[in-house]
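Chemist: The following file, coords-v9.cif, comprises mmCIF, C-alpha atoms:
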```cif
data_work
loop_
_atom_site.label_atom_id
_atom_site.label_comp_id
_atom_site.auth_asym_id
_atom_site.auth_seq_id
_atom_site.Cartn_x
_atom_site.Cartn_y
_atom_site.Cartn_z
CA MET A 1053 -17.58 121.17 46.22
CA PHE A 1054 -20.09 123.13 44.13
CA THR A 1055 -17.55 125.21 42.23
CA VAL A 1056 -18.26 126.69 38.81
CA PRO A 1057 -16.03 124.15 36.95
CA VAL A 1058 -17.71 121.22 38.72
CA LEU A 1059 -21.22 122.51 38.16
CA SER A 1060 -20.48 123.31 34.51
CA GLN A 1061 -19.25 119.73 33.95
CA ILE A 1062 -22.36 118.31 35.63
CA VAL A 1063 -24.62 120.40 33.42
CA LEU A 1064 -22.64 119.66 30.24
CA ASN A 1065 -22.50 115.91 30.93
CA GLY A 1066 -26.19 116.02 31.79
CA PHE A 1067 -27.05 117.57 28.44
CA VAL A 1068 -24.84 115.03 26.64
CA LEU A 1069 -26.54 112.08 28.35
CA ALA A 1070 -29.93 113.69 27.80
CA ALA A 1071 -29.24 114.09 24.09
CA ILE A 1072 -28.33 110.40 23.70
CA TYR A 1073 -31.23 109.19 25.83
CA THR A 1074 -33.62 111.41 23.88
CA LEU A 1075 -32.51 109.98 20.53
CA VAL A 1076 -33.10 106.45 21.83
CA ALA A 1077 -36.40 107.37 23.49
CA LEU A 1078 -37.77 109.08 20.39
CA GLY A 1079 -37.24 105.96 18.30
CA PHE A 1080 -38.74 103.76 21.01
CA THR A 1081 -41.84 105.92 21.40
CA LEU A 1082 -42.22 106.24 17.62
CA ILE A 1083 -42.52 102.46 17.24
CA PHE A 1084 -44.87 102.14 20.18
CA GLY A 1085 -47.02 105.10 19.22
CA ILE A 1086 -47.54 103.98 15.62
CA MET A 1087 -47.25 100.17 15.66
CA ARG A 1088 -48.27 99.60 19.30
CA ILE A 1089 -45.26 97.37 19.91
CA ILE A 1090 -43.08 97.67 23.02
CA ASN A 1091 -39.75 97.16 21.30
CA PHE A 1092 -37.49 95.41 23.82
CA ALA A 1093 -34.86 95.02 21.08
CA HIS A 1094 -34.54 98.77 20.55
CA GLY A 1095 -31.40 99.07 22.66
CA GLU A 1096 -29.74 96.35 20.60
CA PHE A 1097 -29.98 98.55 17.49
CA ALA A 1098 -28.07 101.22 19.41
CA MET A 1099 -25.46 98.58 20.30
CA LEU A 1100 -25.11 97.58 16.64
CA GLY A 1101 -24.69 101.21 15.66
CA GLY A 1102 -21.92 101.59 18.21
CA PHE A 1103 -20.10 98.47 17.00
CA LEU A 1104 -20.34 99.55 13.35
CA VAL A 1105 -18.93 102.97 14.15
CA PHE A 1106 -16.14 101.33 16.16
CA PHE A 1107 -15.09 99.07 13.28
CA MET A 1108 -15.39 101.85 10.71
CA LEU A 1109 -13.10 104.01 12.81
CA GLN A 1110 -10.61 101.30 13.76
CA VAL A 1111 -10.52 99.06 10.70
CA ALA A 1112 -11.56 101.31 7.81
CA ASN A 1113 -9.97 104.44 9.33
CA MET A 1114 -12.97 106.53 8.34
CA PRO A 1115 -13.47 110.02 9.76
CA PHE A 1116 -16.01 110.00 12.55
CA PHE A 1117 -18.49 112.25 10.74
CA VAL A 1118 -18.44 109.81 7.81
CA ALA A 1119 -18.64 106.63 9.88
CA LEU A 1120 -21.53 107.83 12.05
CA PRO A 1121 -24.16 108.40 9.32
CA LEU A 1122 -23.00 105.37 7.32
CA ALA A 1123 -23.34 103.09 10.33
CA SER A 1124 -26.74 104.55 11.22
CA PHE A 1125 -28.08 104.05 7.70
CA ALA A 1126 -26.65 100.51 7.59
CA VAL A 1127 -28.35 99.52 10.85
CA ALA A 1128 -31.62 101.14 9.78
CA GLY A 1129 -31.46 99.36 6.41
CA GLY A 1130 -30.79 96.01 8.06
CA GLY A 1131 -33.59 96.75 10.49
CA LEU A 1132 -36.07 96.76 7.62
CA VAL A 1133 -35.29 93.07 7.09
CA LEU A 1134 -36.16 92.36 10.72
CA GLU A 1135 -39.24 94.57 10.37
CA ALA A 1136 -40.54 92.29 7.63
CA LEU A 1137 -39.58 89.02 9.33
CA VAL A 1138 -40.26 89.71 13.02
CA TYR A 1139 -42.22 92.90 13.64
CA ARG A 1140 -44.77 93.03 10.85
CA PRO A 1141 -46.92 90.06 11.97
CA PHE A 1142 -47.33 91.65 15.42
CA TYR A 1143 -48.33 95.23 14.62
CA GLN A 1144 -51.17 96.44 16.86
CA LYS A 1145 -50.68 93.31 19.04
CA GLU A 1146 -48.94 94.59 22.16
CA LEU A 1147 -48.55 91.36 24.14
CA GLN A 1148 -47.46 89.16 21.23
CA GLY A 1149 -45.16 91.90 19.93
CA MET A 1150 -43.56 92.31 23.35
CA ILE A 1151 -42.77 88.59 23.54
CA ALA A 1152 -41.38 88.60 19.99
CA THR A 1153 -39.08 91.56 20.67
CA ILE A 1154 -37.79 89.99 23.89
CA GLY A 1155 -36.82 86.94 21.85
CA LEU A 1156 -35.23 89.12 19.15
CA SER A 1157 -33.30 91.05 21.79
CA THR A 1158 -31.86 87.80 23.15
CA VAL A 1159 -30.87 86.61 19.69
CA ILE A 1160 -29.12 89.89 18.82
CA VAL A 1161 -27.28 90.12 22.14
CA TYR A 1162 -25.87 86.60 22.08
CA SER A 1163 -25.09 86.82 18.38
CA ALA A 1164 -23.08 89.96 19.13
CA VAL A 1165 -21.26 88.16 21.95
CA LEU A 1166 -20.32 85.33 19.58
CA LEU A 1167 -19.20 87.72 16.82
CA PHE A 1168 -17.53 90.50 18.80
CA GLY A 1169 -16.80 88.95 22.19
CA SER A 1170 -17.76 90.36 25.57
CA HIS A 1171 -14.64 92.35 26.43
CA GLN A 1172 -14.60 96.13 26.46
CA ARG A 1173 -13.00 98.04 23.63
CA SER A 1174 -11.45 101.47 23.50
CA ILE A 1175 -10.51 103.72 20.64
CA PRO A 1176 -8.28 106.78 20.36
CA ALA A 1177 -10.20 109.95 21.03
CA SER A 1178 -11.74 111.39 17.89
CA PHE A 1179 -11.78 114.85 19.44
CA THR A 1180 -9.05 115.94 21.84
CA ALA A 1181 -9.44 119.71 21.94
CA ILE A 1182 -10.64 121.41 25.12
CA PHE A 1183 -12.18 124.87 25.13
CA THR A 1184 -12.29 127.12 28.16
CA ILE A 1185 -14.55 130.07 28.78
CA GLY A 1186 -13.39 131.54 32.07
CA PRO A 1187 -13.74 128.77 34.67
CA VAL A 1188 -15.97 126.68 32.37
CA ILE A 1189 -14.28 123.73 30.61
CA LEU A 1190 -15.85 122.42 27.38
CA PRO A 1191 -14.35 119.17 25.96
CA ALA A 1192 -14.69 118.96 22.19
CA ASP A 1193 -16.13 115.42 22.24
CA ARG A 1194 -19.07 116.57 24.39
CA LEU A 1195 -19.69 119.51 22.10
CA ALA A 1196 -19.59 117.21 19.06
CA VAL A 1197 -22.22 114.92 20.59
CA LEU A 1198 -24.46 117.87 21.43
CA THR A 1199 -24.09 119.29 17.93
CA VAL A 1200 -24.90 116.03 16.15
CA ALA A 1201 -27.81 115.30 18.49
CA ALA A 1202 -29.22 118.81 18.08
CA ILE A 1203 -29.09 118.50 14.28
CA ALA A 1204 -30.73 115.06 14.42
CA LEU A 1205 -33.49 116.24 16.75
CA ALA A 1206 -34.18 119.32 14.64
CA ALA A 1207 -34.31 117.20 11.49
CA PHE A 1208 -36.68 114.76 13.22
CA TYR A 1209 -38.97 117.62 14.26
CA VAL A 1210 -39.09 119.00 10.73
CA PHE A 1211 -39.68 115.52 9.32
CA ILE A 1212 -42.49 114.57 11.68
CA THR A 1213 -44.16 118.00 11.50
CA PHE A 1214 -43.90 119.20 7.93
CA THR A 1215 -43.38 116.24 5.59
CA ARG A 1216 -46.19 114.18 4.08
CA ILE A 1217 -44.90 110.91 5.48
CA GLY A 1218 -44.37 112.49 8.89
CA LEU A 1219 -47.95 113.72 8.90
CA ALA A 1220 -49.07 110.24 7.81
CA MET A 1221 -47.25 108.76 10.82
CA ARG A 1222 -49.09 111.12 13.15
CA VAL A 1223 -52.45 110.26 11.61
CA VAL A 1224 -51.78 106.51 11.84
CA ALA A 1225 -50.73 106.93 15.48
CA GLN A 1226 -54.00 108.75 16.23
CA ASP A 1227 -56.43 106.44 14.42
CA LEU A 1228 -55.41 103.63 12.09
CA GLU A 1229 -58.87 103.04 10.64
CA ILE A 1230 -59.41 106.67 9.72
CA ALA A 1231 -55.91 106.85 8.25
CA GLU A 1232 -56.58 103.86 5.98
CA ALA A 1233 -60.00 105.27 5.04
CA GLN A 1234 -58.24 108.45 3.90
CA GLY A 1235 -55.97 106.42 1.61
CA ILE A 1236 -52.84 106.33 3.76
CA ASN A 1237 -50.72 103.24 3.15
CA ALA A 1238 -50.31 101.95 6.72
CA ARG A 1239 -47.73 99.32 5.80
CA ALA A 1240 -45.47 101.84 4.05
CA THR A 1241 -45.90 104.19 7.01
CA TYR A 1242 -44.87 101.42 9.39
CA ARG A 1243 -41.73 100.73 7.36
CA ALA A 1244 -40.78 104.40 7.28
CA ALA A 1245 -41.35 104.79 11.02
CA PHE A 1246 -39.29 101.69 11.78
CA PHE A 1247 -36.44 102.94 9.58
CA VAL A 1248 -36.41 106.32 11.33
CA ALA A 1249 -36.61 104.72 14.79
CA THR A 1250 -33.71 102.33 14.21
CA PHE A 1251 -31.68 105.11 12.58
CA LEU A 1252 -32.06 107.26 15.71
CA ALA A 1253 -31.11 104.33 17.96
CA ALA A 1254 -28.01 103.52 15.88
CA LEU A 1255 -27.06 107.21 15.84
CA ALA A 1256 -27.23 107.31 19.64
CA GLY A 1257 -25.08 104.17 19.88
CA GLY A 1258 -22.53 105.70 17.54
CA LEU A 1259 -22.37 108.89 19.62
CA LEU A 1260 -21.58 106.82 22.71
CA VAL A 1261 -18.45 105.54 21.00
CA ILE A 1262 -16.68 108.89 21.01
CA LEU A 1263 -17.43 109.31 24.71
CA GLY A 1264 -15.57 106.10 25.45
CA GLY A 1265 -17.93 104.39 26.96
CA LEU A 1266 -44.70 105.81 25.39
CA GLY A 1267 -46.44 107.41 22.53
CA SER A 1268 -45.56 110.95 23.61
CA ILE A 1269 -42.65 112.44 21.65
CA PRO A 1270 -42.39 115.56 23.89
CA GLY A 1271 -42.51 113.22 26.88
CA ALA A 1272 -39.61 111.20 25.48
CA ALA A 1273 -37.55 114.38 25.11
CA ALA A 1274 -38.45 115.58 28.60
CA GLY A 1275 -37.67 112.16 30.08
CA GLY A 1276 -34.29 112.09 28.37
CA LEU A 1277 -33.42 115.53 29.74
CA VAL A 1278 -34.49 114.74 33.31
CA LEU A 1279 -32.78 111.34 33.37
CA GLY A 1280 -29.58 112.70 31.80
CA MET A 1281 -29.29 115.54 34.34
CA PHE A 1282 -30.10 113.22 37.24
CA GLU A 1283 -27.53 110.62 36.22
CA SER A 1284 -24.85 113.24 35.59
CA PHE A 1285 -25.32 114.76 39.05
CA VAL A 1286 -25.36 111.41 40.92
CA SER A 1287 -22.39 109.94 39.00
CA THR A 1288 -20.28 113.03 39.72
CA PHE A 1289 -20.56 112.66 43.49
CA TYR A 1290 -21.32 108.96 44.03
CA GLY A 1291 -19.93 107.09 41.02
CA LEU A 1292 -21.34 105.56 37.85
CA SER A 1293 -22.64 102.35 39.45
CA VAL A 1294 -24.70 104.26 42.00
CA ALA A 1295 -25.94 106.60 39.26
CA GLN A 1296 -27.16 103.74 37.09
CA PHE A 1297 -28.87 102.08 40.06
CA ALA A 1298 -30.48 105.37 41.12
CA SER A 1299 -31.58 106.13 37.55
CA LEU A 1300 -33.32 102.76 37.30
CA GLY A 1301 -34.99 103.40 40.66
CA ALA A 1302 -36.14 106.82 39.48
CA VAL A 1303 -37.70 105.28 36.37
CA ILE A 1304 -39.52 102.68 38.48
CA VAL A 1305 -40.86 105.38 40.81
CA LEU A 1306 -42.03 107.43 37.83
CA LEU A 1307 -43.82 104.42 36.34
CA VAL A 1308 -45.59 103.80 39.66
CA LEU A 1309 -46.63 107.42 40.16
CA ARG A 1310 -47.30 108.32 36.51
CA PRO A 1311 -47.69 105.17 34.38
CA GLU A 1312 -48.79 107.36 31.45
CA GLY A 1313 -45.39 109.12 31.47
CA LEU A 1314 -44.22 112.67 32.19
CA LEU A 1315 -46.32 114.37 29.52
CA GLY A 1316 -48.58 111.50 28.52
CA ARG A 1317 -52.30 111.25 29.04
CA ALA A 1318 -53.98 108.26 30.64
CA GLU A 1319 -55.99 106.12 28.23
CA ARG A 1320 -59.67 105.58 28.93
#
```
Show this structure as structure tokens.

Modeler:
Amino acid sequence: MFTVPVLSQIVLNGFVLAAIYTLVALGFTLIFGIMRIINFAHGEFAMLGGFLVFFMLQVANMPFFVALPLASFAVAGGGLVLEALVYRPFYQKELQGMIATIGLSTVIVYSAVLLFGSHQRSIPASFTAIFTIGPVILPADRLAVLTVAAIALAAFYVFITFTRIGLAMRVVAQDLEIAEAQGINARATYRAAFFVATFLAALAGGLLVILGGLGSIPGAAAGGLVLGMFESFVSTFYGLSVAQFASLGAVIVLLVLRPEGLLGRAER
């Protein structure tokens, strides 16, 4: 059962899932860490990114590596409208913001059902090549996802660590009052953070298309890796439905045992 080809596929699929989960989790934790809003509509931005990539590939016949960034920028740009209308009045108000994003999530989901329908869609594979290294099989679509995700994560790290606006985001996340006292424009920082967060979510949703199917940034990455590996292993031997159920159970257990997260610190 545990042959080299099987284990290599489990590990590869685990890294692919981890990369997608990490992109989504980074955007989610960025919004929570800076604006203190639990964004229940974050997954819907990933869904919109996936739908836009689907239509760009199927209707406009765009190459995948053109459609993916265009769709991500389009969702992030549209997200700024929602940031001004829905999110902005609730910054630093966790309970009210949570209720508002639950409502927004419902609106986006049912609007998508009305516009796109609820049936599954499939597209021709964008990448069909398969590479073999001895007994290890490497599908090109998985490698493409890993490559795009690695570039996006590296760019995010450089942005948040070395750019002025990235440093401003970190200061605002640490202490809003001190940040404003130092002349940092909190509202502009919020807009930039929201744009980046929705871009990452839409990018993750777009990456899912070619496969056919809370304040701690390092913690978000670690959580994505652990959850991706866990789900890949369980789905290989017990099926996707069991894997999704087990993954949800694992998240619930983690929240009970460590409510501050894998690498988070408890607030006092």

Chemist: Take the PyMOL selection byres ((chain A and resi 1176-1186) around 9), run it mentally on this structure, and tell me the resulting residues as an mmCIF file with C-alpha atoms, in the coordinates of the input.

Modeler:
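And here is the file that came out, out_26.cif:
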```
data_model
loop_
_atom_site.group_PDB
_atom_site.id
_atom_site.type_symbol
_atom_site.label_atom_id
_atom_site.label_comp_id
_atom_site.auth_asym_id
_atom_site.auth_seq_id
_atom_site.Cartn_x
_atom_site.Cartn_y
_atom_site.Cartn_z
ATOM 1 C CA GLN A 1110 -10.610 101.300 13.760
ATOM 2 C CA PRO A 1115 -13.470 110.020 9.760
ATOM 3 C CA PHE A 1116 -16.010 110.000 12.550
ATOM 4 C CA SER A 1174 -11.450 101.470 23.500
ATOM 5 C CA ILE A 1175 -10.510 103.720 20.640
ATOM 6 C CA PRO A 1187 -13.740 128.770 34.670
ATOM 7 C CA VAL A 1188 -15.970 126.680 32.370
ATOM 8 C CA ILE A 1189 -14.280 123.730 30.610
ATOM 9 C CA LEU A 1190 -15.850 122.420 27.380
ATOM 10 C CA PRO A 1191 -14.350 119.170 25.960
ATOM 11 C CA ALA A 1192 -14.690 118.960 22.190
ATOM 12 C CA ASP A 1193 -16.130 115.420 22.240
ATOM 13 C CA ARG A 1194 -19.070 116.570 24.390
ATOM 14 C CA ALA A 1196 -19.590 117.210 19.060
ATOM 15 C CA ILE A 1262 -16.680 108.890 21.010
ATOM 16 C CA LEU A 1263 -17.430 109.310 24.710
ATOM 17 C CA GLY A 1264 -15.570 106.100 25.450
#
```

Chemist: List the neighbours of Ala1220 of chain A out to 12 Å using all atoms listed in the file; skip same-chain residues closer than 2 positions along the sequence, and give me the result as a VMD selection string.

Modeler: chain A and resid 1086 1211 to 1218 1222 to 1228 1230 to 1232 1234 to 1242 1244 to 1245

Chemist: Could you tell me, as a ChimeraX atom specification, exactly which residues end up selected when the PyMOL selection byres ((chain A and resi 1094) around 12) is applied to this structure?

Modeler: /A:1075-1084,1089-1093,1095-1101,1127-1128,1131,1134-1135,1139,1150,1153-1154,1156-1158,1160-1161,1246-1247,1249-1254,1256-1257

Chemist: I'd like the interatomic distance between atom CA of Phe1106 of chain A and atom CA of Phe1067 of chain A, to a tenth of an Å.

Modeler: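 Answer for the atom CA of Phe1106 of chain A to atom CA of Phe1067 of chain A separation: 23.1 Å.
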
Chemist: So which one's closest to Val1165 of chain A, A:Leu1132, A:Phe1103, A:Ser1124, A:Pro1141? Using all atoms listed in the file, please.

Modeler: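 That would be A:Phe1103, the residue with the smallest distance to Val1165 of chain A.
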
Chemist: How many Å lie between atom CA of Val1286 of chain A and atom CA of Ser1060 of chain A, rounded to one decimal?

Modeler: 14.4 Å

Chemist: What is the atom CA of Arg1243 of chain A to atom CA of Leu1166 of chain A distance in Å?

Modeler: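 Taking atom CA of Arg1243 of chain A as the start and atom CA of Leu1166 of chain A as the end point, the length is 29.1 Å.
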
Chemist: Residues near Val1068 of chain A, anyone? I mean within 8 Å using all atoms listed in the file, not counting same-chain ones fewer than 4 positions away, as a list in words.

Modeler: Leu1064, Ile1072, Arg1194, Val1197, Leu1198 and Gly1280 of chain A

Chemist: Any chance you could work out the residue set of the PyMOL selection byres ((chain A and resi 1123) around 8) here, as a ChimeraX atom specification?

Modeler: /A:1101,1104-1105,1119-1122,1124-1127,1254-1255,1258

Chemist: Around segment 1184-1199 of chain A, with edges along x, y and z and 5 Å added on all six sides, what centre and edge lengths do you get, in Å to one decimal, as AutoDock Vina command-line options?

Modeler:
```
--center_x -18.4 --center_y 123.2 --center_z 26.3 --size_x 22.2 --size_y 26.6 --size_z 26.7
```
